[in-house]
Structure formats: structure tokens, C-alpha cells
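Structure data (TSV, N, CA and C atoms) from start00.tsv:
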chain	number	residue	atom	x	y	z
A	20	MET	N	-19.87	-17.48	-31.31
A	20	MET	CA	-19.14	-17.70	-32.54
A	20	MET	C	-19.25	-19.17	-32.90
A	21	ASN	N	-19.29	-19.44	-34.18
A	21	ASN	CA	-19.47	-20.83	-34.58
A	21	ASN	C	-18.14	-21.57	-34.66
A	22	LYS	N	-18.22	-22.90	-34.74
A	22	LYS	CA	-17.03	-23.75	-34.73
A	22	LYS	C	-16.15	-23.49	-35.95
A	23	ALA	N	-16.74	-23.25	-37.10
A	23	ALA	CA	-15.95	-23.01	-38.32
A	23	ALA	C	-15.10	-21.76	-38.17
A	24	THR	N	-15.66	-20.73	-37.56
A	24	THR	CA	-14.90	-19.49	-37.35
A	24	THR	C	-13.76	-19.73	-36.38
A	25	ALA	N	-14.04	-20.40	-35.26
A	25	ALA	CA	-13.01	-20.71	-34.27
A	25	ALA	C	-11.91	-21.56	-34.89
A	26	ASP	N	-12.28	-22.54	-35.71
A	26	ASP	CA	-11.28	-23.39	-36.38
A	26	ASP	C	-10.42	-22.57	-37.34
A	27	ALA	N	-11.02	-21.62	-38.02
A	27	ALA	CA	-10.28	-20.76	-38.95
A	27	ALA	C	-9.26	-19.90	-38.19
A	28	VAL	N	-9.63	-19.41	-37.02
A	28	VAL	CA	-8.71	-18.62	-36.19
A	28	VAL	C	-7.53	-19.48	-35.77
A	29	ARG	N	-7.80	-20.70	-35.33
A	29	ARG	CA	-6.74	-21.62	-34.90
A	29	ARG	C	-5.77	-21.94	-36.05
A	30	ARG	N	-6.32	-22.19	-37.23
A	30	ARG	CA	-5.47	-22.49	-38.39
A	30	ARG	C	-4.61	-21.28	-38.75
A	31	ARG	N	-5.23	-20.11	-38.79
A	31	ARG	CA	-4.50	-18.89	-39.16
A	31	ARG	C	-3.34	-18.64	-38.19
A	32	ALA	N	-3.56	-18.89	-36.90
A	32	ALA	CA	-2.52	-18.66	-35.88
A	32	ALA	C	-1.53	-19.81	-35.80
A	33	ALA	N	-1.78	-20.88	-36.51
A	33	ALA	CA	-0.92	-22.07	-36.49
A	33	ALA	C	-0.69	-22.56	-35.06
A	34	GLY	N	-1.74	-22.45	-34.23
A	34	GLY	CA	-1.66	-22.95	-32.86
A	34	GLY	C	-0.77	-22.14	-31.93
A	35	ARG	N	-0.47	-20.90	-32.29
A	35	ARG	CA	0.43	-20.06	-31.51
A	35	ARG	C	-0.35	-18.88	-30.92
A	36	CYS	N	-0.10	-18.59	-29.62
A	36	CYS	CA	-0.71	-17.40	-29.02
A	36	CYS	C	-0.24	-16.19	-29.82
A	37	GLU	N	-1.18	-15.39	-30.27
A	37	GLU	CA	-0.83	-14.26	-31.13
A	37	GLU	C	-0.30	-13.07	-30.33
A	38	TYR	N	-0.22	-13.22	-29.03
A	38	TYR	CA	0.35	-12.17	-28.18
A	38	TYR	C	1.75	-12.56	-27.70
A	39	CYS	N	1.88	-13.66	-26.98
A	39	CYS	CA	3.19	-14.03	-26.42
A	39	CYS	C	3.97	-15.01	-27.28
A	40	GLY	N	3.31	-15.69	-28.19
A	40	GLY	CA	4.00	-16.57	-29.12
A	40	GLY	C	4.19	-18.01	-28.71
A	41	VAL	N	3.74	-18.40	-27.52
A	41	VAL	CA	3.89	-19.81	-27.15
A	41	VAL	C	2.91	-20.65	-27.97
A	42	THR	N	3.24	-21.92	-28.13
A	42	THR	CA	2.40	-22.78	-28.96
A	42	THR	C	1.49	-23.66	-28.12
A	43	GLU	N	0.30	-23.82	-28.61
A	43	GLU	CA	-0.73	-24.60	-27.93
A	43	GLU	C	-0.29	-26.04	-27.70
A	44	ALA	N	0.53	-26.58	-28.60
A	44	ALA	CA	0.96	-27.98	-28.51
A	44	ALA	C	1.77	-28.25	-27.24
A	45	LEU	N	2.31	-27.21	-26.59
A	45	LEU	CA	3.10	-27.38	-25.38
A	45	LEU	C	2.25	-27.53	-24.12
A	46	PHE	N	0.94	-27.38	-24.26
A	46	PHE	CA	0.05	-27.39	-23.11
A	46	PHE	C	-0.98	-28.50	-23.21
A	47	ARG	N	-1.64	-28.77	-22.11
A	47	ARG	CA	-2.69	-29.80	-22.07
A	47	ARG	C	-4.08	-29.21	-22.30
A	48	PHE	N	-4.14	-27.94	-22.57
A	48	PHE	CA	-5.44	-27.29	-22.78
A	48	PHE	C	-5.41	-26.47	-24.05
A	49	ARG	N	-6.59	-26.24	-24.58
A	49	ARG	CA	-6.71	-25.46	-25.81
A	49	ARG	C	-6.67	-23.98	-25.48
A	50	PHE	N	-6.08	-23.21	-26.39
A	50	PHE	CA	-6.03	-21.76	-26.24
A	50	PHE	C	-7.41	-21.17	-26.54
A	51	HIS	N	-7.59	-19.94	-26.15
A	51	HIS	CA	-8.86	-19.24	-26.32
A	51	HIS	C	-8.90	-18.51	-27.67
A	52	VAL	N	-10.07	-18.51	-28.29
A	52	VAL	CA	-10.30	-17.61	-29.41
A	52	VAL	C	-10.89	-16.37	-28.76
A	53	GLU	N	-10.12	-15.27	-28.82
A	53	GLU	CA	-10.50	-14.07	-28.09
A	53	GLU	C	-10.85	-12.93	-29.04
A	54	HIS	N	-11.67	-12.04	-28.52
A	54	HIS	CA	-12.05	-10.84	-29.26
A	54	HIS	C	-11.00	-9.76	-29.02
A	55	ILE	N	-10.37	-9.30	-30.08
A	55	ILE	CA	-9.38	-8.24	-29.96
A	55	ILE	C	-10.06	-6.98	-29.42
A	56	ILE	N	-11.16	-6.63	-30.03
A	56	ILE	CA	-12.03	-5.58	-29.48
A	56	ILE	C	-13.22	-6.32	-28.88
A	57	ALA	N	-13.35	-6.24	-27.57
A	57	ALA	CA	-14.39	-6.98	-26.85
A	57	ALA	C	-15.78	-6.61	-27.34
A	58	ARG	N	-16.68	-7.55	-27.22
A	58	ARG	CA	-18.07	-7.30	-27.61
A	58	ARG	C	-18.63	-6.08	-26.89
A	59	GLN	N	-18.27	-5.89	-25.62
A	59	GLN	CA	-18.81	-4.75	-24.87
A	59	GLN	C	-18.37	-3.42	-25.46
A	60	HIS	N	-17.33	-3.44	-26.31
A	60	HIS	CA	-16.86	-2.23	-26.97
A	60	HIS	C	-17.27	-2.21	-28.44
A	61	GLY	N	-18.18	-3.10	-28.82
A	61	GLY	CA	-18.67	-3.14	-30.19
A	61	GLY	C	-17.95	-4.12	-31.08
A	62	GLY	N	-17.09	-4.96	-30.51
A	62	GLY	CA	-16.37	-5.96	-31.30
A	62	GLY	C	-17.30	-7.04	-31.80
A	63	THR	N	-16.93	-7.63	-32.91
A	63	THR	CA	-17.77	-8.64	-33.56
A	63	THR	C	-17.06	-10.00	-33.55
A	64	ASP	N	-17.78	-11.00	-34.04
A	64	ASP	CA	-17.24	-12.36	-34.16
A	64	ASP	C	-16.62	-12.60	-35.53
A	65	THR	N	-16.26	-11.54	-36.25
A	65	THR	CA	-15.65	-11.70	-37.56
A	65	THR	C	-14.17	-12.03	-37.41
A	66	LEU	N	-13.62	-12.69	-38.42
A	66	LEU	CA	-12.22	-13.13	-38.36
A	66	LEU	C	-11.25	-11.98	-38.11
A	67	ASP	N	-11.57	-10.78	-38.60
A	67	ASP	CA	-10.64	-9.67	-38.42
A	67	ASP	C	-10.64	-9.12	-36.99
A	68	ASN	N	-11.51	-9.64	-36.13
A	68	ASN	CA	-11.54	-9.21	-34.73
A	68	ASN	C	-11.24	-10.36	-33.76
A	69	LEU	N	-10.75	-11.46	-34.28
A	69	LEU	CA	-10.50	-12.61	-33.43
A	69	LEU	C	-9.03	-13.01	-33.48
A	70	ALA	N	-8.52	-13.47	-32.35
A	70	ALA	CA	-7.14	-13.91	-32.26
A	70	ALA	C	-7.07	-15.13	-31.35
A	71	LEU	N	-6.05	-15.95	-31.54
A	71	LEU	CA	-5.81	-17.07	-30.66
A	71	LEU	C	-4.92	-16.58	-29.53
A	72	ALA	N	-5.31	-16.87	-28.29
A	72	ALA	CA	-4.55	-16.40	-27.13
A	72	ALA	C	-4.45	-17.49	-26.08
A	73	CYS	N	-3.26	-17.60	-25.49
A	73	CYS	CA	-3.11	-18.53	-24.37
A	73	CYS	C	-3.97	-18.00	-23.22
A	74	GLY	N	-4.27	-18.86	-22.28
A	74	GLY	CA	-5.12	-18.48	-21.17
A	74	GLY	C	-4.54	-17.33	-20.36
A	75	PHE	N	-3.21	-17.30	-20.21
A	75	PHE	CA	-2.57	-16.25	-19.42
A	75	PHE	C	-2.76	-14.90	-20.10
A	76	CYS	N	-2.41	-14.81	-21.39
A	76	CYS	CA	-2.56	-13.53	-22.10
A	76	CYS	C	-4.02	-13.11	-22.16
A	77	ASN	N	-4.91	-14.05	-22.45
A	77	ASN	CA	-6.32	-13.72	-22.56
A	77	ASN	C	-6.89	-13.22	-21.24
A	78	SER	N	-6.51	-13.85	-20.14
A	78	SER	CA	-7.06	-13.42	-18.85
A	78	SER	C	-6.54	-12.05	-18.44
A	79	HIS	N	-5.33	-11.71	-18.84
A	79	HIS	CA	-4.80	-10.39	-18.51
A	79	HIS	C	-5.30	-9.31	-19.46
A	80	LYS	N	-5.51	-9.67	-20.71
A	80	LYS	CA	-6.01	-8.67	-21.67
A	80	LYS	C	-7.45	-8.30	-21.35
A	81	GLY	N	-8.28	-9.32	-21.08
A	81	GLY	CA	-9.69	-9.03	-20.81
A	81	GLY	C	-10.28	-8.15	-21.89
A	82	PRO	N	-11.09	-7.17	-21.53
A	82	PRO	CA	-11.68	-6.28	-22.52
A	82	PRO	C	-10.82	-5.05	-22.83
A	83	ASN	N	-9.59	-5.01	-22.30
A	83	ASN	CA	-8.74	-3.83	-22.49
A	83	ASN	C	-8.44	-3.57	-23.96
A	84	LEU	N	-8.49	-2.31	-24.32
A	84	LEU	CA	-8.13	-1.86	-25.65
A	84	LEU	C	-6.83	-1.07	-25.63
A	85	SER	N	-6.48	-0.55	-24.45
A	85	SER	CA	-5.31	0.30	-24.34
A	85	SER	C	-4.58	0.02	-23.04
A	86	GLY	N	-3.41	0.62	-22.93
A	86	GLY	CA	-2.60	0.53	-21.74
A	86	GLY	C	-1.69	1.74	-21.67
A	87	ILE	N	-0.88	1.79	-20.65
A	87	ILE	CA	0.06	2.89	-20.49
A	87	ILE	C	1.45	2.39	-20.86
A	88	ASP	N	2.08	3.09	-21.78
A	88	ASP	CA	3.45	2.77	-22.15
A	88	ASP	C	4.34	3.09	-20.96
A	89	PRO	N	5.01	2.09	-20.38
A	89	PRO	CA	5.81	2.35	-19.18
A	89	PRO	C	6.99	3.31	-19.42
A	90	LEU	N	7.40	3.47	-20.66
A	90	LEU	CA	8.51	4.37	-20.96
A	90	LEU	C	8.06	5.83	-21.05
A	91	THR	N	6.99	6.06	-21.81
A	91	THR	CA	6.54	7.45	-22.04
A	91	THR	C	5.41	7.88	-21.12
A	92	ARG	N	4.80	6.89	-20.43
A	92	ARG	CA	3.66	7.13	-19.53
A	92	ARG	C	2.44	7.68	-20.29
A	93	THR	N	2.34	7.41	-21.58
A	93	THR	CA	1.20	7.82	-22.38
A	93	THR	C	0.26	6.64	-22.59
A	94	ILE	N	-1.01	6.93	-22.78
A	94	ILE	CA	-2.01	5.90	-23.06
A	94	ILE	C	-1.94	5.58	-24.55
A	95	VAL	N	-1.81	4.29	-24.85
A	95	VAL	CA	-1.72	3.83	-26.24
A	95	VAL	C	-2.59	2.59	-26.43
A	96	LEU	N	-2.96	2.35	-27.66
A	96	LEU	CA	-3.71	1.13	-27.97
A	96	LEU	C	-2.80	-0.08	-27.80
A	97	LEU	N	-3.39	-1.20	-27.39
A	97	LEU	CA	-2.65	-2.45	-27.29
A	97	LEU	C	-2.36	-2.98	-28.69
A	98	PHE	N	-1.41	-3.89	-28.76
A	98	PHE	CA	-1.07	-4.56	-30.01
A	98	PHE	C	-2.32	-5.22	-30.60
A	99	HIS	N	-2.50	-5.05	-31.90
A	99	HIS	CA	-3.65	-5.61	-32.62
A	99	HIS	C	-3.13	-6.64	-33.63
A	100	PRO	N	-3.31	-7.94	-33.34
A	100	PRO	CA	-2.73	-8.98	-34.20
A	100	PRO	C	-3.21	-8.99	-35.65
A	101	ARG	N	-4.33	-8.37	-35.95
A	101	ARG	CA	-4.82	-8.37	-37.33
A	101	ARG	C	-4.26	-7.21	-38.13
A	102	THR	N	-3.91	-6.12	-37.49
A	102	THR	CA	-3.48	-4.94	-38.24
A	102	THR	C	-2.01	-4.60	-38.04
A	103	GLN	N	-1.35	-5.27	-37.09
A	103	GLN	CA	0.05	-4.98	-36.80
A	103	GLN	C	0.87	-6.28	-36.85
A	104	ARG	N	2.14	-6.15	-37.22
A	104	ARG	CA	3.06	-7.31	-37.26
A	104	ARG	C	3.75	-7.44	-35.92
A	105	TRP	N	3.77	-8.66	-35.39
A	105	TRP	CA	4.38	-8.93	-34.08
A	105	TRP	C	5.82	-8.44	-34.05
A	106	SER	N	6.59	-8.75	-35.07
A	106	SER	CA	8.02	-8.43	-35.09
A	106	SER	C	8.30	-6.93	-35.14
A	107	GLU	N	7.32	-6.13	-35.45
A	107	GLU	CA	7.50	-4.68	-35.46
A	107	GLU	C	7.26	-4.05	-34.08
A	108	HIS	N	6.73	-4.85	-33.14
A	108	HIS	CA	6.37	-4.30	-31.83
A	108	HIS	C	7.01	-5.04	-30.66
A	109	PHE	N	7.59	-6.23	-30.94
A	109	PHE	CA	8.17	-7.05	-29.88
A	109	PHE	C	9.46	-7.70	-30.38
A	110	CYS	N	10.29	-8.09	-29.44
A	110	CYS	CA	11.43	-8.95	-29.75
A	110	CYS	C	11.69	-9.83	-28.54
A	111	TRP	N	12.38	-10.93	-28.77
A	111	TRP	CA	12.75	-11.84	-27.70
A	111	TRP	C	14.18	-11.57	-27.30
A	112	ASN	N	14.43	-11.55	-26.02
A	112	ASN	CA	15.77	-11.47	-25.45
A	112	ASN	C	15.87	-12.63	-24.49
A	113	GLY	N	16.31	-13.78	-25.01
A	113	GLY	CA	16.22	-15.01	-24.23
A	113	GLY	C	14.74	-15.33	-24.07
A	114	ALA	N	14.30	-15.55	-22.84
A	114	ALA	CA	12.88	-15.84	-22.58
A	114	ALA	C	12.07	-14.58	-22.32
A	115	LEU	N	12.73	-13.43	-22.31
A	115	LEU	CA	12.06	-12.15	-22.06
A	115	LEU	C	11.44	-11.63	-23.35
A	116	ILE	N	10.21	-11.17	-23.27
A	116	ILE	CA	9.58	-10.52	-24.41
A	116	ILE	C	9.66	-9.02	-24.16
A	117	ALA	N	10.32	-8.30	-25.07
A	117	ALA	CA	10.48	-6.86	-24.92
A	117	ALA	C	9.59	-6.15	-25.93
A	118	GLY	N	8.90	-5.12	-25.46
A	118	GLY	CA	8.15	-4.26	-26.36
A	118	GLY	C	9.12	-3.26	-26.98
A	119	THR	N	9.09	-3.13	-28.30
A	119	THR	CA	10.01	-2.23	-28.99
A	119	THR	C	9.33	-0.95	-29.44
A	120	THR	N	8.02	-0.87	-29.25
A	120	THR	CA	7.25	0.33	-29.58
A	120	THR	C	6.33	0.62	-28.40
A	121	SER	N	5.67	1.76	-28.44
A	121	SER	CA	4.73	2.08	-27.36
A	121	SER	C	3.63	1.03	-27.28
A	122	HIS	N	3.13	0.57	-28.44
A	122	HIS	CA	2.08	-0.47	-28.44
A	122	HIS	C	2.62	-1.76	-27.82
A	123	GLY	N	3.83	-2.14	-28.19
A	123	GLY	CA	4.43	-3.35	-27.66
A	123	GLY	C	4.68	-3.26	-26.16
A	124	ARG	N	5.25	-2.14	-25.70
A	124	ARG	CA	5.54	-1.99	-24.27
A	124	ARG	C	4.25	-2.00	-23.45
A	125	ALA	N	3.22	-1.32	-23.91
A	125	ALA	CA	1.95	-1.31	-23.18
A	125	ALA	C	1.34	-2.70	-23.16
A	126	THR	N	1.44	-3.43	-24.25
A	126	THR	CA	0.88	-4.78	-24.32
A	126	THR	C	1.64	-5.72	-23.39
A	127	VAL	N	2.96	-5.65	-23.39
A	127	VAL	CA	3.76	-6.48	-22.48
A	127	VAL	C	3.34	-6.21	-21.05
A	128	SER	N	3.11	-4.94	-20.72
A	128	SER	CA	2.74	-4.57	-19.36
A	128	SER	C	1.33	-5.05	-19.00
A	129	VAL	N	0.35	-4.74	-19.82
A	129	VAL	CA	-1.04	-5.10	-19.51
A	129	VAL	C	-1.22	-6.62	-19.48
A	130	LEU	N	-0.62	-7.31	-20.42
A	130	LEU	CA	-0.77	-8.77	-20.48
A	130	LEU	C	0.20	-9.51	-19.55
A	131	ALA	N	1.02	-8.75	-18.83
A	131	ALA	CA	1.98	-9.32	-17.87
A	131	ALA	C	2.80	-10.43	-18.53
A	132	MET	N	3.25	-10.17	-19.74
A	132	MET	CA	3.94	-11.20	-20.52
A	132	MET	C	5.22	-11.70	-19.86
A	133	ASN	N	5.84	-10.89	-19.02
A	133	ASN	CA	7.08	-11.31	-18.37
A	133	ASN	C	6.88	-11.62	-16.89
A	134	ASP	N	5.66	-11.94	-16.53
A	134	ASP	CA	5.37	-12.45	-15.19
A	134	ASP	C	6.36	-13.58	-14.90
A	135	SER	N	6.79	-13.70	-13.67
A	135	SER	CA	7.83	-14.69	-13.34
A	135	SER	C	7.44	-16.10	-13.77
A	136	ARG	N	6.16	-16.45	-13.68
A	136	ARG	CA	5.73	-17.79	-14.10
A	136	ARG	C	5.83	-17.97	-15.60
A	137	GLN	N	5.42	-16.95	-16.34
A	137	GLN	CA	5.49	-17.01	-17.80
A	137	GLN	C	6.94	-17.05	-18.27
A	138	PHE	N	7.76	-16.19	-17.66
A	138	PHE	CA	9.17	-16.15	-18.00
A	138	PHE	C	9.83	-17.50	-17.75
A	139	ALA	N	9.58	-18.08	-16.58
A	139	ALA	CA	10.18	-19.37	-16.23
A	139	ALA	C	9.72	-20.47	-17.18
A	140	MET	N	8.45	-20.45	-17.55
A	140	MET	CA	7.92	-21.45	-18.48
A	140	MET	C	8.61	-21.32	-19.83
A	141	ARG	N	8.70	-20.09	-20.35
A	141	ARG	CA	9.35	-19.90	-21.65
A	141	ARG	C	10.83	-20.29	-21.59
A	142	ALA	N	11.50	-19.93	-20.49
A	142	ALA	CA	12.92	-20.28	-20.34
A	142	ALA	C	13.10	-21.79	-20.37
A	143	ARG	N	12.23	-22.50	-19.68
A	143	ARG	CA	12.32	-23.97	-19.67
A	143	ARG	C	12.08	-24.54	-21.06
A	144	PHE	N	11.05	-24.04	-21.74
A	144	PHE	CA	10.76	-24.52	-23.08
A	144	PHE	C	11.90	-24.20	-24.05
A	145	LEU	N	12.49	-23.01	-23.92
A	145	LEU	CA	13.62	-22.66	-24.77
A	145	LEU	C	14.82	-23.57	-24.50
A	146	ASP	N	15.11	-23.81	-23.21
A	146	ASP	CA	16.22	-24.69	-22.84
A	146	ASP	C	16.02	-26.10	-23.37
A	147	GLU	N	14.77	-26.55	-23.39
A	147	GLU	CA	14.48	-27.90	-23.87
A	147	GLU	C	14.40	-27.95	-25.40
A	148	GLY	N	14.48	-26.78	-26.04
A	148	GLY	CA	14.44	-26.73	-27.50
A	148	GLY	C	13.07	-26.98	-28.09
A	149	ILE	N	12.03	-26.78	-27.29
A	149	ILE	CA	10.67	-27.06	-27.80
A	149	ILE	C	9.86	-25.78	-28.05
A	150	LEU	N	10.49	-24.62	-27.88
A	150	LEU	CA	9.82	-23.35	-28.16
A	150	LEU	C	10.67	-22.57	-29.13
A	151	ASN	N	10.07	-22.21	-30.24
A	151	ASN	CA	10.73	-21.36	-31.22
A	151	ASN	C	10.04	-20.01	-31.18
A	152	PRO	N	10.76	-18.94	-30.83
A	152	PRO	CA	10.12	-17.62	-30.79
A	152	PRO	C	9.50	-17.27	-32.12
A	153	PRO	N	8.39	-16.53	-32.11
A	153	PRO	CA	7.74	-16.14	-33.36
A	153	PRO	C	8.62	-15.20	-34.16
A	154	ALA	N	8.42	-15.21	-35.46
A	154	ALA	CA	9.19	-14.33	-36.34
A	154	ALA	C	8.46	-13.02	-36.54
Turn this file's structure into C-alpha cells for me.
Amino acid sequence: MNKATADAVRRRAAGRCEYCGVTEALFRFRFHVEHIIARQHGGTDTLDNLALACGFCNSHKGPNLSGIDPLTRTIVLLFHPRTQRWSEHFCWNGALIAGTTSHGRATVSVLAMNDSRQFAMRARFLDEGILNPPA
């Protein structure tokens, strides 16, 4: 993917991981421009298939397209930042990110969004007033 495309993804996301909502400015490293649908599954480098993701979310998502909803035990597609609204699938409860739909719950599970390290980091950032949950 070219630099102009990657820059457009960063601007569109306003420097925020499009999965967990943390902001790139809080870290010493740049977030990844990731393929929502991996190339191995036919995904392209077009803007509608790219999202900004923190290293933690990106490494857990990998090429996954689906996960198991822990509530219903059914296989569902993961959250798609280009076609779905974050606030319709997730909510914040303190530093905890809760999935409010099957897509959200499966995404929280597959991306390990509430891993103890991620939870502790978000809690610290919230306590310090430097993290504003996404709307």
C-alpha cells in the first residue's frame, strides 16, 4: 500500500485504534494500517478495507474474519469498522470494553480487548484523564 493511502487511513481514524479506541498519541510507536479482510482472503488495499489498529488489536485479529460469540456460542463476523458503527456494537464500562451485539462480543473475545494488560493500561489512562472513550 502506498504512503498516501496509509496517511488517509490515519487521518480518517484521527489517530485512534478503530477496534479498542485508544489513541496513537499515548504511545511511542505508530499504529498499524491493517486489512479488515486480509489479503489471503481476497482483501484489497482500498480505503474501504483498511483500518487503523493498535499493535495489540492487530496482532490478535490477524487474518480472522469471524469469531465465536461467547454468549450464544455461534460463529459471527468480527466488527467491520467501515460498515458498522463502533457505538452500536461496543460500550465502555470504566476501562472494560463490552460487546453489546454478537459482532461486538466476538470481536472483544478474538482481539482480547480486555486482556489484563490492556485493561490496566486503559484504566491508568482514564485515571490520568488522557483517554477519552470513543463515541
Discussion item. Residues near Lys22 (chain A), anyone? I mean within 12 Å using only C-alpha atoms, not counting same-chain ones fewer than 6 positions away, as number ranges by chain.
Written reply: A: 28-29, 52, 64
Closest atom pairs, residues of region 35-109 of chain A within 6.5 Å of region 127-151 of chain A, all atoms listed in the file, as a Markdown table:
| residue | atom | partner | partner_atom | distance |
| --- | --- | --- | --- | --- |
| A:Phe75 | C | A:Leu130 | C | 6.2 |
| A:Cys76 | CA | A:Leu130 | CA | 5.3 |
| A:His79 | C | A:Leu130 | CA | 4.7 |
| A:Lys80 | N | A:Leu130 | CA | 4.8 |
| A:Gly86 | CA | A:Val129 | CA | 6.3 |
Item to complete: Per DSSP on the backbone, filter region 25-148 of chain A down to the residues in strand (DSSP E or B) and report them as JSON, numbers by chain.
Response: {"A": [35, 42, 51, 52, 53, 54, 69, 70, 71, 72, 85, 86, 87, 94, 95, 96, 109, 110, 111, 112, 115, 116, 117, 118]}
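With all atoms listed in the file as the atoms that count, the residue of A:Ala114, A:Pro82, A:Ala44, A:Ala70 with the shortest distance to Arg58 (chain A) is A:Pro82.
When only C-alpha atoms are used to measure the gap to Arg31 (chain A), the shortest distance among A:Pro100, A:Gly81, A:Gly74, A:Gly62 belongs to A:Pro100.
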Worksheet item: CA of His122 (chain A) and atom C of Val95 (chain A), how far apart in Å?
Response: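 Separation of atom C of Val95 (chain A) and CA of His122 (chain A): 5.9 Å.
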Within 10 Å of Ala27 (chain A), counting only C-alpha atoms, which residues show up once you throw out same-chain ones fewer than 5 positions away? Write them as a PDB file with N, CA and C atoms, in the coordinates of the input, please.
ATOM      1  N   LYS A  22     -18.220 -22.900 -34.740  1.00  0.00           N
ATOM      2  CA  LYS A  22     -17.030 -23.750 -34.730  1.00  0.00           C
ATOM      3  C   LYS A  22     -16.150 -23.490 -35.950  1.00  0.00           C
ATOM      4  N   ALA A  32      -3.560 -18.890 -36.900  1.00  0.00           N
ATOM      5  CA  ALA A  32      -2.520 -18.660 -35.880  1.00  0.00           C
ATOM      6  C   ALA A  32      -1.530 -19.810 -35.800  1.00  0.00           C
ATOM      7  N   ALA A  33      -1.780 -20.880 -36.510  1.00  0.00           N
ATOM      8  CA  ALA A  33      -0.920 -22.070 -36.490  1.00  0.00           C
ATOM      9  C   ALA A  33      -0.690 -22.560 -35.060  1.00  0.00           C
ATOM     10  N   LEU A  66     -13.620 -12.690 -38.420  1.00  0.00           N
ATOM     11  CA  LEU A  66     -12.220 -13.130 -38.360  1.00  0.00           C
ATOM     12  C   LEU A  66     -11.250 -11.980 -38.110  1.00  0.00           C
ATOM     13  N   LEU A  69     -10.750 -11.460 -34.280  1.00  0.00           N
ATOM     14  CA  LEU A  69     -10.500 -12.610 -33.430  1.00  0.00           C
ATOM     15  C   LEU A  69      -9.030 -13.010 -33.480  1.00  0.00           C
TER      16      LEU A  69
END
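Between CA of Ile56 (chain A) and CA of Asn112 (chain A) the interatomic distance comes to 28.7 Å.
Using only N, CA and C atoms, the nearest neighbour of Glu53 (chain A) within the list A:Ala125, A:Val41, A:Leu71, A:Cys36 is A:Leu71.
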Worksheet, complete the sentence: Atom pair CA of His51 (chain A) + CA of Pro153 (chain A), distance 18.3 Å
Worksheet, complete the sentence: From the list A:Asp67, A:Gly61, A:Gly118, A:Ala72, the nearest residue to Gly40 (chain A) using only N, CA and C atoms is A:Ala72
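Ranking A:Ser106, A:Ser121, A:Ser78, A:Met20 by their shortest atom-to-atom distance to Ile94 (chain A), with all atoms listed in the file included, puts A:Ser121 first.
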